[in-house]
$ cat start-v1.txt   # compact mmCIF, C-alpha atoms and all ligand atoms
# COMPACT_ATOMS: atom_id res chain seq x y z
CA MET P 1 142.75 65.81 132.51
CA ARG P 2 140.63 68.92 131.95
CA LEU P 3 137.83 67.78 129.69
CA VAL P 4 134.59 69.26 128.35
CA LEU P 5 131.78 66.96 127.18
CA LEU P 6 129.57 68.65 124.60
CA GLY P 7 126.36 67.44 123.02
CA PRO P 8 122.60 67.99 122.99
CA PRO P 9 120.49 67.08 126.03
CA GLY P 10 120.19 63.30 126.20
CA ALA P 11 123.35 62.66 124.17
CA GLY P 12 124.77 60.67 127.09
CA LYS P 13 127.11 63.29 128.55
CA GLY P 14 126.07 62.56 132.14
CA THR P 15 126.35 58.78 131.72
CA GLN P 16 129.77 59.05 130.08
CA ALA P 17 131.06 61.62 132.58
CA ARG P 18 130.20 59.29 135.45
CA MET P 19 131.86 56.33 133.73
CA LEU P 20 134.99 58.33 132.94
CA GLU P 21 135.49 59.73 136.46
CA SER P 22 137.46 56.75 137.75
CA LYS P 23 139.40 56.21 134.51
CA LEU P 24 140.50 59.82 134.24
CA HIS P 25 140.83 60.41 138.00
CA ALA P 26 138.78 63.57 137.64
CA PRO P 27 135.33 64.49 139.02
CA GLN P 28 132.24 65.11 136.89
CA VAL P 29 131.19 68.75 137.17
CA ALA P 30 127.65 68.97 135.80
CA SER P 31 126.13 72.46 135.64
CA GLY P 32 122.60 70.99 135.46
CA ASP P 33 123.20 68.99 138.68
CA LEU P 34 124.62 72.06 140.45
CA LEU P 35 121.59 74.09 139.35
CA ARG P 36 119.12 71.37 140.38
CA ALA P 37 120.77 71.21 143.83
CA ALA P 38 120.35 74.99 144.17
CA VAL P 39 116.69 74.68 143.12
CA LYS P 40 116.11 71.86 145.60
CA ASN P 41 117.72 73.85 148.43
CA ARG P 42 115.70 76.93 147.43
CA THR P 43 118.75 79.19 147.49
CA PRO P 44 118.15 82.67 145.96
CA LEU P 45 120.17 81.52 142.92
CA GLY P 46 118.07 78.35 142.67
CA VAL P 47 114.77 80.24 142.85
CA GLU P 48 115.94 82.54 140.04
CA ALA P 49 117.38 79.69 137.92
CA ARG P 50 114.22 77.58 138.14
CA ARG P 51 112.21 80.11 136.09
CA TYR P 52 114.44 79.38 133.11
CA MET P 53 115.01 75.66 133.66
CA ASP P 54 111.31 74.78 133.77
CA LYS P 55 110.90 76.30 130.31
CA GLY P 56 113.95 74.57 128.88
CA ALA P 57 115.74 77.92 128.43
CA LEU P 58 119.33 78.64 129.42
CA VAL P 59 119.90 80.12 132.87
CA PRO P 60 121.67 83.53 132.70
CA ASP P 61 125.44 83.16 132.38
CA GLU P 62 126.36 84.99 135.59
CA LEU P 63 124.37 82.53 137.74
CA VAL P 64 125.89 79.45 136.13
CA LEU P 65 129.40 80.90 136.13
CA LYS P 66 129.20 81.55 139.86
CA LEU P 67 128.29 77.91 140.55
CA ILE P 68 130.97 76.55 138.21
CA GLU P 69 133.70 78.75 139.66
CA GLU P 70 132.82 77.68 143.22
CA ARG P 71 132.84 74.03 142.15
CA LEU P 72 136.15 74.22 140.28
CA ASN P 73 137.73 75.84 143.34
CA GLN P 74 137.08 72.74 145.40
CA PRO P 75 140.18 70.62 146.05
CA ASP P 76 139.02 67.54 144.14
CA ALA P 77 138.93 69.56 140.90
CA ALA P 78 142.45 70.92 141.29
CA GLY P 79 144.05 68.19 139.17
CA GLY P 80 141.34 67.96 136.52
CA PHE P 81 137.60 67.75 135.86
CA ILE P 82 135.00 66.52 133.40
CA LEU P 83 132.67 69.38 132.57
CA ASP P 84 129.19 68.19 131.60
CA GLY P 85 126.65 70.74 130.35
CA PHE P 86 129.02 73.68 130.64
CA PRO P 87 129.91 75.72 128.63
CA ARG P 88 126.59 76.09 126.78
CA ASN P 89 127.46 79.11 124.62
CA VAL P 90 130.52 80.89 123.29
CA ALA P 91 130.46 83.58 126.03
CA GLN P 92 130.62 80.86 128.71
CA ALA P 93 133.47 79.16 126.84
CA GLU P 94 135.42 82.39 126.76
CA THR P 95 134.86 83.03 130.46
CA LEU P 96 135.93 79.47 131.23
CA ALA P 97 139.15 79.96 129.26
CA ARG P 98 139.90 83.15 131.24
CA MET P 99 139.03 81.46 134.54
CA LEU P 100 141.47 78.63 133.77
CA GLU P 101 144.15 80.98 132.48
CA ASN P 102 144.07 82.86 135.82
CA ARG P 103 144.83 79.53 137.50
CA GLY P 104 147.62 78.72 135.05
CA GLU P 105 145.51 75.96 133.50
CA LYS P 106 143.88 75.19 130.17
CA LEU P 107 141.50 72.66 128.66
CA ASP P 108 143.08 69.47 127.34
CA ARG P 109 140.21 68.29 125.15
CA VAL P 110 136.58 68.83 124.16
CA VAL P 111 134.59 65.73 123.24
CA ALA P 112 131.32 66.25 121.35
CA LEU P 113 128.81 63.38 121.34
CA ILE P 114 126.89 63.32 118.07
CA VAL P 115 123.31 61.96 118.27
CA PRO P 116 120.38 62.67 115.87
CA ASP P 117 117.41 64.71 117.22
CA ALA P 118 114.83 61.90 116.74
CA GLU P 119 116.93 59.61 118.95
CA ILE P 120 117.28 62.35 121.58
CA VAL P 121 113.52 62.74 122.01
CA LYS P 122 113.14 58.96 122.33
CA ARG P 123 115.92 58.76 124.91
CA ILE P 124 114.82 61.67 127.06
CA SER P 125 111.12 60.91 127.21
CA GLY P 126 111.94 57.50 128.74
CA ARG P 127 114.60 58.84 131.06
CA ARG P 128 114.16 58.51 134.81
CA THR P 129 116.53 60.07 137.35
CA CYS P 130 117.20 59.18 140.99
CA ARG P 131 116.11 62.00 143.29
CA ASN P 132 118.78 61.01 145.78
CA CYS P 133 122.01 60.21 143.85
CA GLY P 134 121.25 61.44 140.32
CA ALA P 135 121.77 58.00 138.67
CA MET P 136 119.93 57.72 135.36
CA TYR P 137 117.79 54.95 133.87
CA HIS P 138 115.66 54.46 130.78
CA LEU P 139 112.28 52.75 130.95
CA ILE P 140 113.11 50.61 127.88
CA TYR P 141 116.89 50.67 127.29
CA ASP P 142 118.13 50.56 130.88
CA PRO P 143 115.28 49.85 133.32
CA PRO P 144 115.97 49.70 137.08
CA ARG P 145 115.70 46.28 138.75
CA ASN P 146 112.63 47.43 140.71
CA VAL P 147 110.14 49.81 139.14
CA GLY P 148 110.67 53.38 140.34
CA VAL P 149 113.61 52.51 142.62
CA CYS P 150 117.32 53.29 142.12
CA ASN P 151 119.59 50.21 141.91
CA GLU P 152 122.44 52.10 143.57
CA CYS P 153 120.90 53.82 146.59
CA HIS P 154 117.20 52.76 146.58
CA GLY P 155 116.21 56.41 146.05
CA GLU P 156 112.99 57.33 144.25
CA LEU P 157 113.15 57.63 140.45
CA TYR P 158 111.34 60.55 138.82
CA GLN P 159 110.97 62.25 135.47
CA ARG P 160 112.66 65.64 135.46
CA GLU P 161 110.15 68.42 134.79
CA ASP P 162 112.23 69.54 131.81
CA ASP P 163 112.29 66.01 130.32
CA ALA P 164 108.65 66.33 129.13
CA GLU P 165 108.52 66.07 125.32
CA GLU P 166 107.57 69.70 124.61
CA THR P 167 110.34 71.04 126.84
CA VAL P 168 112.83 68.65 125.23
CA ARG P 169 112.04 70.17 121.82
CA MET P 170 112.66 73.63 123.27
CA ARG P 171 115.98 72.45 124.75
CA LEU P 172 117.01 71.06 121.35
CA LYS P 173 116.25 74.43 119.75
CA VAL P 174 118.33 76.18 122.41
CA TYR P 175 121.12 73.68 121.78
CA ALA P 176 121.09 74.31 118.02
CA GLU P 177 121.12 78.09 118.45
CA SER P 178 123.44 78.62 121.42
CA THR P 179 125.52 75.52 122.02
CA ARG P 180 126.20 74.01 118.59
CA PRO P 181 128.39 77.02 117.60
CA LEU P 182 130.81 75.76 120.26
CA LEU P 183 131.75 72.88 117.95
CA GLU P 184 133.21 75.36 115.51
CA HIS P 185 134.73 77.43 118.32
CA TYR P 186 136.61 74.47 119.82
CA GLY P 187 137.35 73.06 116.36
CA ARG P 188 139.19 76.26 115.50
CA LEU P 189 141.17 75.95 118.73
CA GLY P 190 142.16 72.40 117.73
CA LEU P 191 140.58 70.94 120.88
CA LEU P 192 137.56 69.12 119.43
CA SER P 193 136.98 65.38 119.00
CA GLU P 194 133.60 64.45 117.51
CA ILE P 195 132.39 61.04 118.68
CA ASP P 196 129.49 58.96 117.43
CA GLY P 197 127.10 58.91 120.41
CA MET P 198 124.97 56.01 119.08
CA GLY P 199 125.46 52.48 120.40
CA ALA P 200 126.14 50.76 123.72
CA THR P 201 127.43 53.01 126.52
CA GLU P 202 130.60 50.88 126.93
CA GLU P 203 131.37 51.17 123.23
CA ILE P 204 130.92 54.96 123.32
CA GLU P 205 133.20 55.13 126.35
CA ARG P 206 135.86 53.19 124.42
CA ARG P 207 135.57 55.64 121.52
CA ILE P 208 136.06 58.56 123.91
CA LEU P 209 139.07 56.98 125.64
CA ARG P 210 140.61 56.27 122.23
CA ALA P 211 140.12 59.91 121.20
CA LEU P 212 141.75 61.01 124.47
CA GLY P 213 144.67 58.64 123.94
CA VAL P 214 143.87 56.85 127.20
CA ASN P 215 144.47 53.11 127.25
CA ASP P 216 141.21 51.51 128.44
CA ALA P 217 142.92 48.48 129.98
CA ALA P 218 145.51 50.54 131.84
CA ALA P 219 143.08 53.25 132.98
P1 LIG A 1 121.17 69.66 131.89
O1 LIG A 1 121.01 68.83 133.11
O2 LIG A 1 122.60 69.90 131.51
O3 LIG A 1 120.33 69.18 130.73
O4 LIG A 1 120.61 71.11 132.27
C1 LIG A 1 119.26 71.31 132.67
C2 LIG A 1 118.91 72.80 132.55
O5 LIG A 1 119.77 73.56 133.40
C3 LIG A 1 119.10 73.39 131.16
O6 LIG A 1 117.98 73.17 130.32
C4 LIG A 1 119.29 74.86 131.50
O7 LIG A 1 118.06 75.48 131.84
C5 LIG A 1 120.12 74.79 132.77
N1 LIG A 1 121.59 74.77 132.49
C6 LIG A 1 122.46 73.75 132.69
N2 LIG A 1 123.71 74.09 132.35
C7 LIG A 1 123.62 75.37 131.92
C8 LIG A 1 124.59 76.29 131.40
N3 LIG A 1 125.88 75.97 131.27
N4 LIG A 1 124.14 77.53 131.05
C9 LIG A 1 122.85 77.89 131.18
N5 LIG A 1 121.89 77.07 131.64
C10 LIG A 1 122.27 75.81 132.01
$ encode --input "start-v1.txt" --output "C-alpha cells"
Amino acid sequence: MRLVLLGPPGAGKGTQARMLESKLHAPQVASGDLLRAAVKNRTPLGVEARRYMDKGALVPDELVLKLIEERLNQPDAAGGFILDGFPRNVAQAETLARMLENRGEKLDRVVALIVPDAEIVKRISGRRTCRNCGAMYHLIYDPPRNVGVCNECHGELYQREDDAEETVRMRLKVYAESTRPLLEHYGRLGLLSEIDGMGATEEIERRILRALGVNDAAA
C-alpha cells in the first residue's frame, strides 16, 4: 500500500504511521525524522535544513525531495510505504506523483487526520520524544514508565526544539497556508479520506483501517 498521512503537526501522524507499519507491511517514511537525522549527523543538507526547522518554517523543497527520493529507493519501500509529513505543499505532491509515475507506481490513498488547533497546542507542548529510537510520549496522556526514559530502548526523552509553544503556533500557520490546500488537491484526485483524529490511538487506527478497507483482525 502506498499511503500518505496528512494532518497538522501533532495530529498523530507519526503514532499512527508506526502502528500501521506491521498491519500494512509497509515502512513509515517520515520527512521530519529524515531531516532530524541529517541535522544530528551535521551533513551539509542537515546544517542548511536546521535554519528553517528551528523557526518552524518549511525546509526548501529540493532538500526534502532529495531525502525522500533516496529513502523511497531503498528496497524495503519497493512494495509500499506510509509517508508521514511529506508532501507538505502542492509542489511536493506534484513532484511525488511524477517520481512515482517514473517507477510505474501511484498513490493508493491519502488519509487526513482532522484535529482542532487548540488540541494540537495541548498535545505538542506535552510531547516528549526519544533521542535514540524516536518513540513519542505525552507527559499527561501517555507518560513513560520512568520519568525521562524511553520504555522501548531506555533512550533519553527530550522536547524537540520546534515543539516549544511559540514555534508550534508558527508551524500551525505554515500548515494552514501551505499544507491544508493538499486536502482539496487530493480530494479532487479522489484519493482523500478525512478521519476524525480525536480519541484513543487504537480507535483512530481502526477508523483508518476501515477507510483503507483493511480488515483489522486479518491484518
Ligand atoms: P515534522 O516532524 O513532520 O513535524 O517536521 C519537523 C520540521 O521538519 C517541520 O517543521 C519542517 O521544518 C521540516 N519538514 C518536515 N517535512 C517537511 C517537508 N515535507 N517539507 C518541508 N519541510 C519539512
$ residues_around --input "start-v1.txt" --residues "Tyr186 (chain P)" --least-positions-apart "3" --cutoff "10 Å" --atoms "all atoms listed in the file" --output "ChimeraX atom specification"
/P:90,93,109-112,181-183,189-193
$ closest_residue --input "start-v1.txt" --among "P:Arg131, P:Arg36, P:Lys122, P:His138" --to "Arg169 (chain P)" --atoms "all atoms listed in the file"
P:Lys122
$ closest_atom_pairs --input "start-v1.txt" --of "chain P" --to "ligand LIG 1 (chain A)" --cutoff "7 Å" --atoms "all atoms listed in the file" --output "Markdown table"
| residue | atom | partner | partner_atom | distance |
| --- | --- | --- | --- | --- |
| P:Pro9 | CA | A:LIG1 | O3 | 5.2 |
| P:Ala30 | CA | A:LIG1 | O2 | 6.7 |
| P:Ser31 | CA | A:LIG1 | N2 | 4.4 |
| P:Gly32 | CA | A:LIG1 | O1 | 3.6 |
| P:Asp33 | CA | A:LIG1 | O1 | 6.0 |
| P:Leu35 | CA | A:LIG1 | O5 | 6.2 |
| P:Tyr52 | CA | A:LIG1 | O7 | 5.5 |
| P:Met53 | CA | A:LIG1 | O7 | 3.6 |
| P:Gly56 | CA | A:LIG1 | O6 | 4.5 |
| P:Ala57 | CA | A:LIG1 | O7 | 4.8 |
| P:Leu58 | CA | A:LIG1 | N5 | 3.7 |
| P:Val59 | CA | A:LIG1 | N5 | 3.8 |
| P:Pro60 | CA | A:LIG1 | C9 | 6.0 |
| P:Asp61 | CA | A:LIG1 | N4 | 5.9 |
| P:Val64 | CA | A:LIG1 | N4 | 5.7 |
| P:Asp84 | CA | A:LIG1 | O2 | 6.8 |
| P:Gly85 | CA | A:LIG1 | O2 | 4.3 |
| P:Phe86 | CA | A:LIG1 | N3 | 3.9 |
| P:Pro87 | CA | A:LIG1 | N3 | 4.8 |
| P:Arg88 | CA | A:LIG1 | N3 | 4.5 |
| P:Asp162 | CA | A:LIG1 | O6 | 7.0 |
| P:Arg171 | CA | A:LIG1 | O6 | 6.0 |
$ atom_distance --input "start-v1.txt" --atom1 "CA of Asp163 (chain P)" --atom2 "CA of Ser125 (chain P)"
6.1 Å
$ atom_distance --input "start-v1.txt" --atom1 "CA of Ala118 (chain P)" --atom2 "CA of Leu5 (chain P)"
20.5 Å
$ atom_distance --input "start-v1.txt" --atom1 "CA of Gly7 (chain P)" --atom2 "CA of Gly104 (chain P)"
26.9 Å
$ residues_around --input "start-v1.txt" --residues "Val39 (chain P)" --least-positions-apart "2" --cutoff "12 Å" --atoms "only C-alpha atoms" --output "list in words"
Gly32, Asp33, Leu34, Leu35, Arg36, Ala37, Asn41, Arg42, Thr43, Pro44, Leu45, Gly46, Val47, Glu48, Ala49, Arg50, Arg51, Tyr52, Met53 and Asp54 of chain P
$ write_last_selection --input "start-v1.txt" --atoms "C-alpha atoms" --output "PDB file, in the coordinates of the input"
ATOM      1  CA  GLY P  32     122.600  70.990 135.460  1.00  0.00           C
ATOM      2  CA  ASP P  33     123.200  68.990 138.680  1.00  0.00           C
ATOM      3  CA  LEU P  34     124.620  72.060 140.450  1.00  0.00           C
ATOM      4  CA  LEU P  35     121.590  74.090 139.350  1.00  0.00           C
ATOM      5  CA  ARG P  36     119.120  71.370 140.380  1.00  0.00           C
ATOM      6  CA  ALA P  37     120.770  71.210 143.830  1.00  0.00           C
ATOM      7  CA  ASN P  41     117.720  73.850 148.430  1.00  0.00           C
ATOM      8  CA  ARG P  42     115.700  76.930 147.430  1.00  0.00           C
ATOM      9  CA  THR P  43     118.750  79.190 147.490  1.00  0.00           C
ATOM     10  CA  PRO P  44     118.150  82.670 145.960  1.00  0.00           C
ATOM     11  CA  LEU P  45     120.170  81.520 142.920  1.00  0.00           C
ATOM     12  CA  GLY P  46     118.070  78.350 142.670  1.00  0.00           C
ATOM     13  CA  VAL P  47     114.770  80.240 142.850  1.00  0.00           C
ATOM     14  CA  GLU P  48     115.940  82.540 140.040  1.00  0.00           C
ATOM     15  CA  ALA P  49     117.380  79.690 137.920  1.00  0.00           C
ATOM     16  CA  ARG P  50     114.220  77.580 138.140  1.00  0.00           C
ATOM     17  CA  ARG P  51     112.210  80.110 136.090  1.00  0.00           C
ATOM     18  CA  TYR P  52     114.440  79.380 133.110  1.00  0.00           C
ATOM     19  CA  MET P  53     115.010  75.660 133.660  1.00  0.00           C
ATOM     20  CA  ASP P  54     111.310  74.780 133.770  1.00  0.00           C
TER      21      ASP P  54
END
$ residues_near_point --input "start-v1.txt" --point "(118.1, 67.2, 123.9)" --cutoff "6 Å" --atoms "only C-alpha atoms" --output "number ranges by chain"
P: 8-10, 120, 168, 171-172
$ residues_around --input "start-v1.txt" --residues "region 16-19 of chain P" --least-positions-apart "5" --cutoff "9 Å" --atoms "only C-alpha atoms" --output "list in words"
Leu5, Pro27, Gln28, Val29, Ala30, Ile82, Leu83, Asp84, Thr201, Glu202, Ile204, Glu205 and Ile208 of chain P
$ write_last_selection --input "start-v1.txt" --atoms "C-alpha atoms" --output "CSV table (one decimal), in the frame of the given file"
chain,number,residue,atom,x,y,z
P,5,LEU,CA,131.8,67.0,127.2
P,27,PRO,CA,135.3,64.5,139.0
P,28,GLN,CA,132.2,65.1,136.9
P,29,VAL,CA,131.2,68.8,137.2
P,30,ALA,CA,127.6,69.0,135.8
P,82,ILE,CA,135.0,66.5,133.4
P,83,LEU,CA,132.7,69.4,132.6
P,84,ASP,CA,129.2,68.2,131.6
P,201,THR,CA,127.4,53.0,126.5
P,202,GLU,CA,130.6,50.9,126.9
P,204,ILE,CA,130.9,55.0,123.3
P,205,GLU,CA,133.2,55.1,126.4
P,208,ILE,CA,136.1,58.6,123.9
